[in-house]
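Novice: Input structure: data23.pdb, which contains PDB, C-alpha atoms and all ligand atoms.
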ATOM      1  CA  MET A  28     -10.066  16.623  13.374  1.00  0.00           C
ATOM      2  CA  ARG A  29     -10.049  19.622  11.066  1.00  0.00           C
ATOM      3  CA  LEU A  30      -7.924  19.779   7.941  1.00  0.00           C
ATOM      4  CA  TYR A  31      -7.397  23.263   6.487  1.00  0.00           C
ATOM      5  CA  HIS A  32      -6.851  23.033   2.754  1.00  0.00           C
ATOM      6  CA  HIS A  33      -7.438  24.507  -0.678  1.00  0.00           C
ATOM      7  CA  PRO A  34      -8.368  22.266  -3.641  1.00  0.00           C
ATOM      8  CA  PHE A  35      -5.703  23.815  -5.930  1.00  0.00           C
ATOM      9  CA  SER A  36      -2.906  23.066  -3.467  1.00  0.00           C
ATOM     10  CA  SER A  37      -0.975  19.874  -4.174  1.00  0.00           C
ATOM     11  CA  ASN A  38       0.516  20.016  -0.690  1.00  0.00           C
ATOM     12  CA  ALA A  39      -2.939  20.136   0.871  1.00  0.00           C
ATOM     13  CA  ARG A  40      -4.147  17.395  -1.485  1.00  0.00           C
ATOM     14  CA  ARG A  41      -1.406  15.104  -0.158  1.00  0.00           C
ATOM     15  CA  ALA A  42      -2.880  15.388   3.333  1.00  0.00           C
ATOM     16  CA  VAL A  43      -6.504  15.147   2.192  1.00  0.00           C
ATOM     17  CA  ILE A  44      -5.883  12.023   0.073  1.00  0.00           C
ATOM     18  CA  THR A  45      -4.110  10.403   3.013  1.00  0.00           C
ATOM     19  CA  ALA A  46      -7.110  11.149   5.241  1.00  0.00           C
ATOM     20  CA  PHE A  47      -9.491   9.689   2.643  1.00  0.00           C
ATOM     21  CA  GLU A  48      -7.369   6.564   2.082  1.00  0.00           C
ATOM     22  CA  LEU A  49      -7.291   5.994   5.847  1.00  0.00           C
ATOM     23  CA  ASN A  50     -10.966   6.830   6.361  1.00  0.00           C
ATOM     24  CA  ALA A  51      -9.759   9.264   8.997  1.00  0.00           C
ATOM     25  CA  PRO A  52     -12.521  11.393  10.539  1.00  0.00           C
ATOM     26  CA  VAL A  53     -11.482  14.796   9.184  1.00  0.00           C
ATOM     27  CA  GLU A  54     -13.628  17.818   8.534  1.00  0.00           C
ATOM     28  CA  LEU A  55     -12.243  19.764   5.572  1.00  0.00           C
ATOM     29  CA  VAL A  56     -12.022  23.522   6.104  1.00  0.00           C
ATOM     30  CA  LEU A  57     -11.442  25.673   3.025  1.00  0.00           C
ATOM     31  CA  VAL A  58      -8.805  28.410   3.269  1.00  0.00           C
ATOM     32  CA  ASP A  59      -9.340  30.637   0.231  1.00  0.00           C
ATOM     33  CA  LEU A  60      -5.803  31.196  -1.025  1.00  0.00           C
ATOM     34  CA  LEU A  61      -7.039  33.442  -3.847  1.00  0.00           C
ATOM     35  CA  LYS A  62      -8.560  35.787  -1.216  1.00  0.00           C
ATOM     36  CA  ARG A  63      -5.327  35.556   0.841  1.00  0.00           C
ATOM     37  CA  GLU A  64      -7.154  34.040   3.838  1.00  0.00           C
ATOM     38  CA  GLN A  65      -3.899  32.222   4.637  1.00  0.00           C
ATOM     39  CA  ARG A  66      -2.404  35.590   5.623  1.00  0.00           C
ATOM     40  CA  GLN A  67      -5.210  36.528   8.044  1.00  0.00           C
ATOM     41  CA  PRO A  68      -4.292  36.573  11.759  1.00  0.00           C
ATOM     42  CA  ALA A  69      -6.688  33.708  12.563  1.00  0.00           C
ATOM     43  CA  PHE A  70      -4.908  31.402  10.135  1.00  0.00           C
ATOM     44  CA  LEU A  71      -1.399  32.679  10.908  1.00  0.00           C
ATOM     45  CA  ALA A  72      -2.052  31.691  14.527  1.00  0.00           C
ATOM     46  CA  ARG A  73      -2.364  28.099  13.264  1.00  0.00           C
ATOM     47  CA  ASN A  74       0.551  28.298  10.852  1.00  0.00           C
ATOM     48  CA  PRO A  75       2.899  31.312  11.000  1.00  0.00           C
ATOM     49  CA  ALA A  76       4.134  30.300   7.537  1.00  0.00           C
ATOM     50  CA  GLY A  77       0.673  31.180   6.157  1.00  0.00           C
ATOM     51  CA  ARG A  78       0.365  27.986   4.128  1.00  0.00           C
ATOM     52  CA  VAL A  79      -1.984  25.038   3.790  1.00  0.00           C
ATOM     53  CA  PRO A  80      -2.375  22.299   4.835  1.00  0.00           C
ATOM     54  CA  VAL A  81      -2.796  22.485   8.605  1.00  0.00           C
ATOM     55  CA  LEU A  82      -4.307  19.719  10.732  1.00  0.00           C
ATOM     56  CA  GLU A  83      -6.034  20.519  14.004  1.00  0.00           C
ATOM     57  CA  ASP A  84      -6.667  17.645  16.385  1.00  0.00           C
ATOM     58  CA  GLY A  85      -7.740  19.019  19.748  1.00  0.00           C
ATOM     59  CA  ALA A  86      -4.692  20.816  21.144  1.00  0.00           C
ATOM     60  CA  VAL A  87      -2.458  19.503  18.357  1.00  0.00           C
ATOM     61  CA  ILE A  88      -1.955  22.008  15.544  1.00  0.00           C
ATOM     62  CA  LEU A  89       0.185  20.584  12.778  1.00  0.00           C
ATOM     63  CA  PRO A  90       1.269  22.328   9.556  1.00  0.00           C
ATOM     64  CA  GLU A  91       3.367  20.573   6.876  1.00  0.00           C
ATOM     65  CA  SER A  92       1.790  17.997   4.598  1.00  0.00           C
ATOM     66  CA  TYR A  93       4.328  15.207   5.133  1.00  0.00           C
ATOM     67  CA  ALA A  94       4.106  15.523   8.919  1.00  0.00           C
ATOM     68  CA  ILE A  95       0.305  15.426   8.655  1.00  0.00           C
ATOM     69  CA  MET A  96       0.413  12.235   6.576  1.00  0.00           C
ATOM     70  CA  LEU A  97       2.588  10.509   9.150  1.00  0.00           C
ATOM     71  CA  TYR A  98       0.427  11.750  12.025  1.00  0.00           C
ATOM     72  CA  LEU A  99      -2.782  10.492  10.405  1.00  0.00           C
ATOM     73  CA  ALA A 100      -1.212   7.103   9.663  1.00  0.00           C
ATOM     74  CA  ALA A 101       0.113   6.809  13.229  1.00  0.00           C
ATOM     75  CA  LYS A 102      -3.405   7.443  14.556  1.00  0.00           C
ATOM     76  CA  SER A 103      -5.064   4.833  12.308  1.00  0.00           C
ATOM     77  CA  ALA A 104      -5.061   1.301  13.650  1.00  0.00           C
ATOM     78  CA  GLY A 105      -4.459  -1.479  11.116  1.00  0.00           C
ATOM     79  CA  GLN A 106      -3.493   0.843   8.262  1.00  0.00           C
ATOM     80  CA  SER A 107      -1.017  -0.161   5.534  1.00  0.00           C
ATOM     81  CA  LEU A 108      -0.049   3.230   4.050  1.00  0.00           C
ATOM     82  CA  TYR A 109       2.887   3.422   6.446  1.00  0.00           C
ATOM     83  CA  PRO A 110       4.213  -0.083   7.122  1.00  0.00           C
ATOM     84  CA  ALA A 111       5.026  -1.287  10.615  1.00  0.00           C
ATOM     85  CA  ASP A 112       8.449  -2.853  10.045  1.00  0.00           C
ATOM     86  CA  VAL A 113      11.549  -0.678  10.099  1.00  0.00           C
ATOM     87  CA  GLN A 114      12.961  -1.799   6.726  1.00  0.00           C
ATOM     88  CA  SER A 115       9.726  -1.065   4.867  1.00  0.00           C
ATOM     89  CA  GLN A 116       9.312   2.236   6.708  1.00  0.00           C
ATOM     90  CA  ALA A 117      12.809   3.232   5.614  1.00  0.00           C
ATOM     91  CA  GLN A 118      11.871   2.788   1.949  1.00  0.00           C
ATOM     92  CA  VAL A 119       8.727   4.897   2.368  1.00  0.00           C
ATOM     93  CA  ASN A 120      10.769   7.549   4.221  1.00  0.00           C
ATOM     94  CA  ARG A 121      13.370   7.587   1.480  1.00  0.00           C
ATOM     95  CA  TRP A 122      10.773   8.579  -1.124  1.00  0.00           C
ATOM     96  CA  ILE A 123       8.891  11.009   1.098  1.00  0.00           C
ATOM     97  CA  PHE A 124      12.133  12.913   1.796  1.00  0.00           C
ATOM     98  CA  TRP A 125      13.174  12.741  -1.859  1.00  0.00           C
ATOM     99  CA  CYS A 126       9.800  14.135  -2.838  1.00  0.00           C
ATOM    100  CA  ALA A 127      10.062  17.021  -0.371  1.00  0.00           C
ATOM    101  CA  ALA A 128      13.682  17.812  -1.246  1.00  0.00           C
ATOM    102  CA  HIS A 129      13.765  17.231  -5.013  1.00  0.00           C
ATOM    103  CA  PHE A 130      10.597  16.191  -6.846  1.00  0.00           C
ATOM    104  CA  GLN A 131       8.072  18.696  -5.489  1.00  0.00           C
ATOM    105  CA  PRO A 132      10.512  21.669  -5.711  1.00  0.00           C
ATOM    106  CA  ALA A 133      11.352  20.761  -9.327  1.00  0.00           C
ATOM    107  CA  ILE A 134       7.672  20.670 -10.326  1.00  0.00           C
ATOM    108  CA  SER A 135       6.981  23.851  -8.330  1.00  0.00           C
ATOM    109  CA  VAL A 136       9.198  25.879 -10.671  1.00  0.00           C
ATOM    110  CA  LEU A 137       6.978  25.046 -13.657  1.00  0.00           C
ATOM    111  CA  THR A 138       3.718  25.247 -11.701  1.00  0.00           C
ATOM    112  CA  TRP A 139       4.714  28.732 -10.567  1.00  0.00           C
ATOM    113  CA  GLU A 140       5.684  29.909 -14.049  1.00  0.00           C
ATOM    114  CA  HIS A 141       2.789  28.381 -16.013  1.00  0.00           C
ATOM    115  CA  VAL A 142      -0.095  28.219 -13.508  1.00  0.00           C
ATOM    116  CA  VAL A 143       0.262  30.406 -10.409  1.00  0.00           C
ATOM    117  CA  LYS A 144       1.579  33.515 -12.152  1.00  0.00           C
ATOM    118  CA  LYS A 145      -1.361  33.391 -14.563  1.00  0.00           C
ATOM    119  CA  ALA A 146      -3.921  32.792 -11.791  1.00  0.00           C
ATOM    120  CA  LEU A 147      -2.580  35.681  -9.694  1.00  0.00           C
ATOM    121  CA  ASN A 148      -1.814  38.044 -12.573  1.00  0.00           C
ATOM    122  CA  LEU A 149       1.880  38.140 -11.772  1.00  0.00           C
ATOM    123  CA  GLY A 150       3.117  38.612 -15.309  1.00  0.00           C
ATOM    124  CA  GLU A 151       4.533  36.465 -18.076  1.00  0.00           C
ATOM    125  CA  PRO A 152       6.468  33.228 -17.491  1.00  0.00           C
ATOM    126  CA  ASP A 153      10.227  33.668 -17.212  1.00  0.00           C
ATOM    127  CA  ALA A 154      12.003  31.728 -19.986  1.00  0.00           C
ATOM    128  CA  ALA A 155      15.148  31.056 -17.928  1.00  0.00           C
ATOM    129  CA  GLU A 156      13.082  29.724 -15.036  1.00  0.00           C
ATOM    130  CA  ILE A 157      11.132  27.488 -17.418  1.00  0.00           C
ATOM    131  CA  ARG A 158      14.374  26.032 -18.784  1.00  0.00           C
ATOM    132  CA  ARG A 159      15.633  25.443 -15.229  1.00  0.00           C
ATOM    133  CA  GLY A 160      12.316  23.832 -14.187  1.00  0.00           C
ATOM    134  CA  GLU A 161      12.206  21.576 -17.257  1.00  0.00           C
ATOM    135  CA  ARG A 162      15.726  20.344 -16.604  1.00  0.00           C
ATOM    136  CA  LEU A 163      14.943  19.627 -12.933  1.00  0.00           C
ATOM    137  CA  VAL A 164      11.672  17.840 -13.739  1.00  0.00           C
ATOM    138  CA  GLN A 165      13.311  15.718 -16.440  1.00  0.00           C
ATOM    139  CA  GLU A 166      16.145  14.697 -14.126  1.00  0.00           C
ATOM    140  CA  THR A 167      13.911  13.784 -11.202  1.00  0.00           C
ATOM    141  CA  ALA A 168      11.169  12.164 -13.304  1.00  0.00           C
ATOM    142  CA  ALA A 169      13.784   9.992 -15.047  1.00  0.00           C
ATOM    143  CA  LEU A 170      14.945   8.673 -11.675  1.00  0.00           C
ATOM    144  CA  LEU A 171      11.393   7.897 -10.527  1.00  0.00           C
ATOM    145  CA  ASP A 172      10.545   6.339 -13.884  1.00  0.00           C
ATOM    146  CA  SER A 173      13.466   3.956 -13.765  1.00  0.00           C
ATOM    147  CA  HIS A 174      12.570   3.003 -10.164  1.00  0.00           C
ATOM    148  CA  LEU A 175       9.026   2.217 -11.310  1.00  0.00           C
ATOM    149  CA  ALA A 176      10.184   0.053 -14.239  1.00  0.00           C
ATOM    150  CA  SER A 177      10.136  -3.049 -12.046  1.00  0.00           C
ATOM    151  CA  ARG A 178       7.339  -2.257  -9.588  1.00  0.00           C
ATOM    152  CA  GLU A 179       3.721  -1.205  -9.423  1.00  0.00           C
ATOM    153  CA  TRP A 180       4.030   0.963  -6.303  1.00  0.00           C
ATOM    154  CA  VAL A 181       6.944   3.115  -5.196  1.00  0.00           C
ATOM    155  CA  ALA A 182       7.768   1.408  -1.899  1.00  0.00           C
ATOM    156  CA  GLY A 183       6.393  -2.088  -1.389  1.00  0.00           C
ATOM    157  CA  HIS A 184       3.566  -4.212  -2.735  1.00  0.00           C
ATOM    158  CA  ASN A 185       0.759  -1.773  -2.131  1.00  0.00           C
ATOM    159  CA  ILE A 186       0.092   1.946  -2.142  1.00  0.00           C
ATOM    160  CA  THR A 187       1.940   3.817   0.623  1.00  0.00           C
ATOM    161  CA  LEU A 188       2.516   7.390   1.741  1.00  0.00           C
ATOM    162  CA  ALA A 189       5.381   7.448  -0.777  1.00  0.00           C
ATOM    163  CA  ASP A 190       2.958   7.117  -3.710  1.00  0.00           C
ATOM    164  CA  ILE A 191       0.604   9.764  -2.346  1.00  0.00           C
ATOM    165  CA  SER A 192       3.493  12.162  -1.685  1.00  0.00           C
ATOM    166  CA  LEU A 193       4.875  11.841  -5.195  1.00  0.00           C
ATOM    167  CA  ALA A 194       1.601  11.803  -7.136  1.00  0.00           C
ATOM    168  CA  THR A 195       0.079  15.035  -5.839  1.00  0.00           C
ATOM    169  CA  PRO A 196       2.554  17.510  -7.418  1.00  0.00           C
ATOM    170  CA  LEU A 197       1.732  15.844 -10.750  1.00  0.00           C
ATOM    171  CA  MET A 198      -1.812  17.242 -10.534  1.00  0.00           C
ATOM    172  CA  THR A 199      -0.539  20.107 -12.733  1.00  0.00           C
ATOM    173  CA  LEU A 200       0.812  17.681 -15.333  1.00  0.00           C
ATOM    174  CA  LYS A 201      -0.933  19.432 -18.220  1.00  0.00           C
ATOM    175  CA  SER A 202      -1.327  23.008 -17.016  1.00  0.00           C
ATOM    176  CA  ALA A 203       2.314  23.278 -15.884  1.00  0.00           C
ATOM    177  CA  LYS A 204       3.463  21.530 -19.096  1.00  0.00           C
ATOM    178  CA  LEU A 205       5.525  19.013 -17.173  1.00  0.00           C
ATOM    179  CA  PRO A 206       7.957  17.337 -19.594  1.00  0.00           C
ATOM    180  CA  VAL A 207       7.268  13.730 -18.541  1.00  0.00           C
ATOM    181  CA  GLN A 208       5.643  12.268 -21.684  1.00  0.00           C
ATOM    182  CA  GLU A 209       8.596   9.982 -22.384  1.00  0.00           C
ATOM    183  CA  PHE A 210       8.469   8.362 -18.927  1.00  0.00           C
ATOM    184  CA  LYS A 211       6.102   5.460 -19.538  1.00  0.00           C
ATOM    185  CA  HIS A 212       6.474   3.722 -16.155  1.00  0.00           C
ATOM    186  CA  LEU A 213       5.808   6.974 -14.336  1.00  0.00           C
ATOM    187  CA  GLN A 214       2.789   7.586 -16.583  1.00  0.00           C
ATOM    188  CA  SER A 215       1.269   4.141 -15.876  1.00  0.00           C
ATOM    189  CA  TRP A 216       1.798   4.535 -12.140  1.00  0.00           C
ATOM    190  CA  PHE A 217       0.265   8.011 -12.202  1.00  0.00           C
ATOM    191  CA  THR A 218      -2.758   6.686 -14.132  1.00  0.00           C
ATOM    192  CA  ARG A 219      -3.207   4.075 -11.370  1.00  0.00           C
ATOM    193  CA  MET A 220      -3.018   6.784  -8.704  1.00  0.00           C
ATOM    194  CA  ALA A 221      -5.405   9.118 -10.533  1.00  0.00           C
ATOM    195  CA  ALA A 222      -7.986   6.316 -10.891  1.00  0.00           C
ATOM    196  CA  ARG A 223      -8.304   5.942  -7.135  1.00  0.00           C
ATOM    197  CA  ASP A 224     -11.416   7.147  -5.397  1.00  0.00           C
ATOM    198  CA  SER A 225      -9.322   9.380  -3.091  1.00  0.00           C
ATOM    199  CA  TRP A 226      -7.849  11.144  -6.136  1.00  0.00           C
ATOM    200  CA  GLN A 227     -11.193  11.542  -7.895  1.00  0.00           C
ATOM    201  CA  ARG A 228     -12.771  12.983  -4.750  1.00  0.00           C
ATOM    202  CA  THR A 229     -10.008  15.609  -4.498  1.00  0.00           C
ATOM    203  CA  ASN A 230     -10.069  16.816  -8.098  1.00  0.00           C
ATOM    204  CA  PRO A 231     -10.289  20.621  -8.007  1.00  0.00           C
ATOM    205  CA  PRO A 232     -13.700  22.011  -9.025  1.00  0.00           C
ATOM    206  CA  ALA A 233     -12.389  23.995 -12.009  1.00  0.00           C
ATOM    207  CA  THR A 234      -9.705  21.882 -13.545  1.00  0.00           C
ATOM    208  CA  ILE A 235      -6.102  23.116 -13.431  1.00  0.00           C
ATOM    209  CA  ALA A 236      -4.611  19.857 -14.691  1.00  0.00           C
TER     210      ALA A 236
HETATM  211  N1  LIG B 301       6.105  22.474   3.000  1.00  0.00           N
HETATM  212  C1  LIG B 301       4.694  22.791   3.024  1.00  0.00           C
HETATM  213  C2  LIG B 301       4.353  23.652   1.825  1.00  0.00           C
HETATM  214  C3  LIG B 301       2.935  24.196   1.906  1.00  0.00           C
HETATM  215  C4  LIG B 301       2.649  25.189   0.775  1.00  0.00           C
HETATM  216  O1  LIG B 301       3.567  25.719   0.142  1.00  0.00           O
HETATM  217  N2  LIG B 301       1.350  25.462   0.548  1.00  0.00           N
HETATM  218  C5  LIG B 301       0.978  26.419  -0.463  1.00  0.00           C
HETATM  219  C6  LIG B 301      -0.094  25.854  -1.381  1.00  0.00           C
HETATM  220  S1  LIG B 301       0.527  24.489  -2.334  1.00  0.00           S
HETATM  221  C7  LIG B 301       0.359  27.642   0.206  1.00  0.00           C
HETATM  222  O2  LIG B 301      -0.420  27.521   1.121  1.00  0.00           O
HETATM  223  N3  LIG B 301       0.691  28.841  -0.283  1.00  0.00           N
HETATM  224  C8  LIG B 301       0.095  30.048   0.172  1.00  0.00           C
HETATM  225  C9  LIG B 301       1.041  31.192   0.210  1.00  0.00           C
HETATM  226  O3  LIG B 301       2.251  31.003   0.015  1.00  0.00           O
HETATM  227  O4  LIG B 301       0.571  32.307   0.432  1.00  0.00           O
HETATM  228  C10 LIG B 301       3.876  21.484   3.063  1.00  0.00           C
HETATM  229  O5  LIG B 301       4.397  20.451   2.588  1.00  0.00           O
HETATM  230  O6  LIG B 301       2.759  21.486   3.581  1.00  0.00           O
END
Could you take the file, read its structure, and then write that structure out as structure tokens?
Ligand SMILES: N[C@@H](CCC(=O)N[C@@H](CS)C(=O)NCC(=O)O)C(=O)O

Specialist:
Amino acid sequence: MRLYHHPFSSNARRAVITAFELNAPVELVLVDLLKREQRQPAFLARNPAGRVPVLEDGAVILPESYAIMLYLAAKSAGQSLYPADVQSQAQVNRWIFWCAAHFQPAISVLTWEHVVKKALNLGEPDAAEIRRGERLVQETAALLDSHLASREWVAGHNITLADISLATPLMTLKSAKLPVQEFKHLQSWFTRMAARDSWQRTNPPATIA
């Protein structure tokens, strides 16, 4: 299997960490976002949205990080990242969907303003957007923090796809100035995630965190 990614992309990192945690046989293929390779015809044929990650498994071509996570888990016998019973699956699904709908988009506002604009020379951060992003991050992080007050992992007794989904947007914790310092349960959980071998192996070469 081939996994098209870029090390600065938190969406791609979600898929790569899942592959590493599962020991899935993936070959990582770099798509240089800074050189706009994602907009070249060869890549657009794999994903018309022009975004990483994309997984290629024979005839299966699959964009979208959350779909890739679920696909990789479904293909891995005996894995525990995505539990087998319906009730436990529902809890993992709840947090994956919440991440895609609320947490990642909230963080994206600040990552765009503080990190991406600078990297691509797109001008100064917009103060109104920063205020909006800070409010969204504080609201969503408070909810996750209170959920984590009584548990070590987001959904169940061990790490699941929910944890991987939610941790990767936090890779820009420092560079995007994410206002989460007060959320101690979230911080401890994130420290646990960042200590994992799969996280360490996916740290971007020049740090953006
Ligand atoms: N919903 C997609 C989002 C993918 C995405 O936005 N990827 C970004 C990098 S984090 C990208 O490739 N951007 C390139 C571009 O917009 O040109 C997923 O979860 O995989």

Novice: Mind checking which residues fall within 12 Å of A:Ser215, counting only C-alpha atoms, ignoring those fewer than 3 positions away in the same chain, and posting them as a tab-separated table (two decimals) with C-alpha atoms, keeping the file's coordinate frame?

Specialist:
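Dumped everything to selection.tsv:
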chain	number	residue	atom	x	y	z
A	172	ASP	CA	10.54	6.34	-13.88
A	175	LEU	CA	9.03	2.22	-11.31
A	176	ALA	CA	10.18	0.05	-14.24
A	178	ARG	CA	7.34	-2.26	-9.59
A	179	GLU	CA	3.72	-1.20	-9.42
A	180	TRP	CA	4.03	0.96	-6.30
A	194	ALA	CA	1.60	11.80	-7.14
A	207	VAL	CA	7.27	13.73	-18.54
A	208	GLN	CA	5.64	12.27	-21.68
A	209	GLU	CA	8.60	9.98	-22.38
A	210	PHE	CA	8.47	8.36	-18.93
A	211	LYS	CA	6.10	5.46	-19.54
A	212	HIS	CA	6.47	3.72	-16.16
A	218	THR	CA	-2.76	6.69	-14.13
A	219	ARG	CA	-3.21	4.08	-11.37
A	220	MET	CA	-3.02	6.78	-8.70
A	221	ALA	CA	-5.40	9.12	-10.53
A	222	ALA	CA	-7.99	6.32	-10.89

Novice: I'd like the residues picked by the PyMOL selection byres (((chain A and resi 123) around 12) and not hetatm) written out as number ranges by chain, using the chain letters and numbers from the file.

Specialist: A: 41, 92-94, 96-97, 109, 116-122, 124-131, 181-182, 187-195

Novice: Those same residues - C-alpha atoms - I'd like them written as an mmCIF file, keeping the file's coordinate frame.

Specialist:
data_model
loop_
_atom_site.group_PDB
_atom_site.id
_atom_site.type_symbol
_atom_site.label_atom_id
_atom_site.label_comp_id
_atom_site.auth_asym_id
_atom_site.auth_seq_id
_atom_site.Cartn_x
_atom_site.Cartn_y
_atom_site.Cartn_z
ATOM 1 C CA ARG A 41 -1.406 15.104 -0.158
ATOM 2 C CA SER A 92 1.790 17.997 4.598
ATOM 3 C CA TYR A 93 4.328 15.207 5.133
ATOM 4 C CA ALA A 94 4.106 15.523 8.919
ATOM 5 C CA MET A 96 0.413 12.235 6.576
ATOM 6 C CA LEU A 97 2.588 10.509 9.150
ATOM 7 C CA TYR A 109 2.887 3.422 6.446
ATOM 8 C CA GLN A 116 9.312 2.236 6.708
ATOM 9 C CA ALA A 117 12.809 3.232 5.614
ATOM 10 C CA GLN A 118 11.871 2.788 1.949
ATOM 11 C CA VAL A 119 8.727 4.897 2.368
ATOM 12 C CA ASN A 120 10.769 7.549 4.221
ATOM 13 C CA ARG A 121 13.370 7.587 1.480
ATOM 14 C CA TRP A 122 10.773 8.579 -1.124
ATOM 15 C CA PHE A 124 12.133 12.913 1.796
ATOM 16 C CA TRP A 125 13.174 12.741 -1.859
ATOM 17 C CA CYS A 126 9.800 14.135 -2.838
ATOM 18 C CA ALA A 127 10.062 17.021 -0.371
ATOM 19 C CA ALA A 128 13.682 17.812 -1.246
ATOM 20 C CA HIS A 129 13.765 17.231 -5.013
ATOM 21 C CA PHE A 130 10.597 16.191 -6.846
ATOM 22 C CA GLN A 131 8.072 18.696 -5.489
ATOM 23 C CA VAL A 181 6.944 3.115 -5.196
ATOM 24 C CA ALA A 182 7.768 1.408 -1.899
ATOM 25 C CA THR A 187 1.940 3.817 0.623
ATOM 26 C CA LEU A 188 2.516 7.390 1.741
ATOM 27 C CA ALA A 189 5.381 7.448 -0.777
ATOM 28 C CA ASP A 190 2.958 7.117 -3.710
ATOM 29 C CA ILE A 191 0.604 9.764 -2.346
ATOM 30 C CA SER A 192 3.493 12.162 -1.685
ATOM 31 C CA LEU A 193 4.875 11.841 -5.195
ATOM 32 C CA ALA A 194 1.601 11.803 -7.136
ATOM 33 C CA THR A 195 0.079 15.035 -5.839
#

Novice: Would you place a box with edges along x, y and z of the file around all atoms of stretch 78-90 of chain A listed there, add 4 Å to each of its six sides, and report the centre and edge lengths in Å to one decimal, as lines of an AutoDock Vina configuration file?

Specialist:
center_x = -3.2
center_y = 22.8
center_z = 12.5
size_x = 17.0
size_y = 18.3
size_z = 25.4

Novice: For A:His32, work out the shell of residues within 7 Å, counting all atoms listed in the file and skipping chain neighbours fewer than 3 positions away, then give it as a list in words.

Specialist: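 Residues near the query, excluding close chain neighbours: Ala39, Leu55, Val56, Leu57, Val58, Val79 and Pro80 of chain A.
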
Novice: What is the atom CA of A:His33 to atom CA of A:Asp59 distance in Å?

Specialist: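 Atom CA of A:His33 sits 6.5 Å away from atom CA of A:Asp59.
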
Novice: Just how far from atom O4 of ligand LIG 301 (chain B) is atom CA of A:Pro75, in Å to one decimal?

Specialist: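 Interatomic distance here is 10.9 Å.
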
Novice: What do you get, as a count of residues only, if you spell out every residue that the PyMOL selection byres (((chain A and resi 89) around 12) and not hetatm) selects here?

Specialist: 31

Novice: Looking at A:Pro34, A:Pro232, A:Pro206, A:Pro68, which one is nearest to ligand LIG 301 (chain B), with distances taken over only C-alpha atoms and all ligand atoms?

Specialist: A:Pro34

Novice: Calculate how many Å separate atom CA of A:Ala104 from atom C4 of ligand LIG 301 (chain B), rounding to one decimal.

Specialist: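 Spanning atom CA of A:Ala104 to atom C4 of ligand LIG 301 (chain B) is a straight-line distance of 28.2 Å.
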
Novice: Find the residues around A:Arg66 up to 6 Å (all atoms listed in the file counted), leave out those fewer than 2 positions away in its own chain, and share them as an NGL selection string.

Specialist: :A and (63-64 or 77)

Novice: So which residues touch A:Thr199 within 9 Å, counting only C-alpha atoms, skipping near sequence neighbours fewer than 4 positions away, as JSON, numbers by chain?

Specialist: {"A": [37, 134, 138, 142, 195, 203, 204, 205, 235, 236]}

Novice: Taking all atoms listed in the file into account, which of A:Ala154, A:Val143, A:Asn50, A:Gly105 comes nearest ligand LIG 301 (chain B)?

Specialist: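 Closest residue, counting all atoms listed in the file: A:Val143.
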
Novice: Counting all atoms listed in the file, which of A:His141, A:Trp226, A:Ser107, A:Leu149 gets nearest to A:Leu200?

Specialist: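 Answer, going by the shortest atom-to-atom distance: A:His141.
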
Novice: What would stretch 114-125 of chain A look like with N, CA and C atoms in place, written as a PDB file, in the coordinates of the input?

Specialist:
ATOM      1  N   GLN A 114      12.381  -1.789   8.085  1.00  0.00           N
ATOM      2  CA  GLN A 114      12.961  -1.799   6.726  1.00  0.00           C
ATOM      3  C   GLN A 114      11.985  -1.195   5.717  1.00  0.00           C
ATOM      4  N   SER A 115      10.713  -1.596   5.813  1.00  0.00           N
ATOM      5  CA  SER A 115       9.726  -1.065   4.867  1.00  0.00           C
ATOM      6  C   SER A 115       9.489   0.424   5.114  1.00  0.00           C
ATOM      7  N   GLN A 116       9.466   0.810   6.377  1.00  0.00           N
ATOM      8  CA  GLN A 116       9.312   2.236   6.708  1.00  0.00           C
ATOM      9  C   GLN A 116      10.432   3.050   6.080  1.00  0.00           C
ATOM     10  N   ALA A 117      11.643   2.498   6.126  1.00  0.00           N
ATOM     11  CA  ALA A 117      12.809   3.232   5.614  1.00  0.00           C
ATOM     12  C   ALA A 117      12.646   3.530   4.124  1.00  0.00           C
ATOM     13  N   GLN A 118      12.072   2.563   3.386  1.00  0.00           N
ATOM     14  CA  GLN A 118      11.871   2.788   1.949  1.00  0.00           C
ATOM     15  C   GLN A 118      10.823   3.870   1.703  1.00  0.00           C
ATOM     16  N   VAL A 119       9.753   3.849   2.500  1.00  0.00           N
ATOM     17  CA  VAL A 119       8.727   4.897   2.368  1.00  0.00           C
ATOM     18  C   VAL A 119       9.349   6.251   2.716  1.00  0.00           C
ATOM     19  N   ASN A 120      10.122   6.285   3.805  1.00  0.00           N
ATOM     20  CA  ASN A 120      10.769   7.549   4.221  1.00  0.00           C
ATOM     21  C   ASN A 120      11.683   8.083   3.130  1.00  0.00           C
ATOM     22  N   ARG A 121      12.439   7.172   2.538  1.00  0.00           N
ATOM     23  CA  ARG A 121      13.370   7.587   1.480  1.00  0.00           C
ATOM     24  C   ARG A 121      12.636   8.407   0.415  1.00  0.00           C
ATOM     25  N   TRP A 122      11.481   7.899  -0.028  1.00  0.00           N
ATOM     26  CA  TRP A 122      10.773   8.579  -1.124  1.00  0.00           C
ATOM     27  C   TRP A 122      10.024   9.814  -0.669  1.00  0.00           C
ATOM     28  N   ILE A 123       9.546   9.800   0.574  1.00  0.00           N
ATOM     29  CA  ILE A 123       8.891  11.009   1.098  1.00  0.00           C
ATOM     30  C   ILE A 123       9.915  12.147   1.150  1.00  0.00           C
ATOM     31  N   PHE A 124      11.106  11.857   1.679  1.00  0.00           N
ATOM     32  CA  PHE A 124      12.133  12.913   1.796  1.00  0.00           C
ATOM     33  C   PHE A 124      12.614  13.350   0.412  1.00  0.00           C
ATOM     34  N   TRP A 125      12.743  12.405  -0.499  1.00  0.00           N
ATOM     35  CA  TRP A 125      13.174  12.741  -1.859  1.00  0.00           C
ATOM     36  C   TRP A 125      12.119  13.625  -2.528  1.00  0.00           C
TER      37      TRP A 125
END
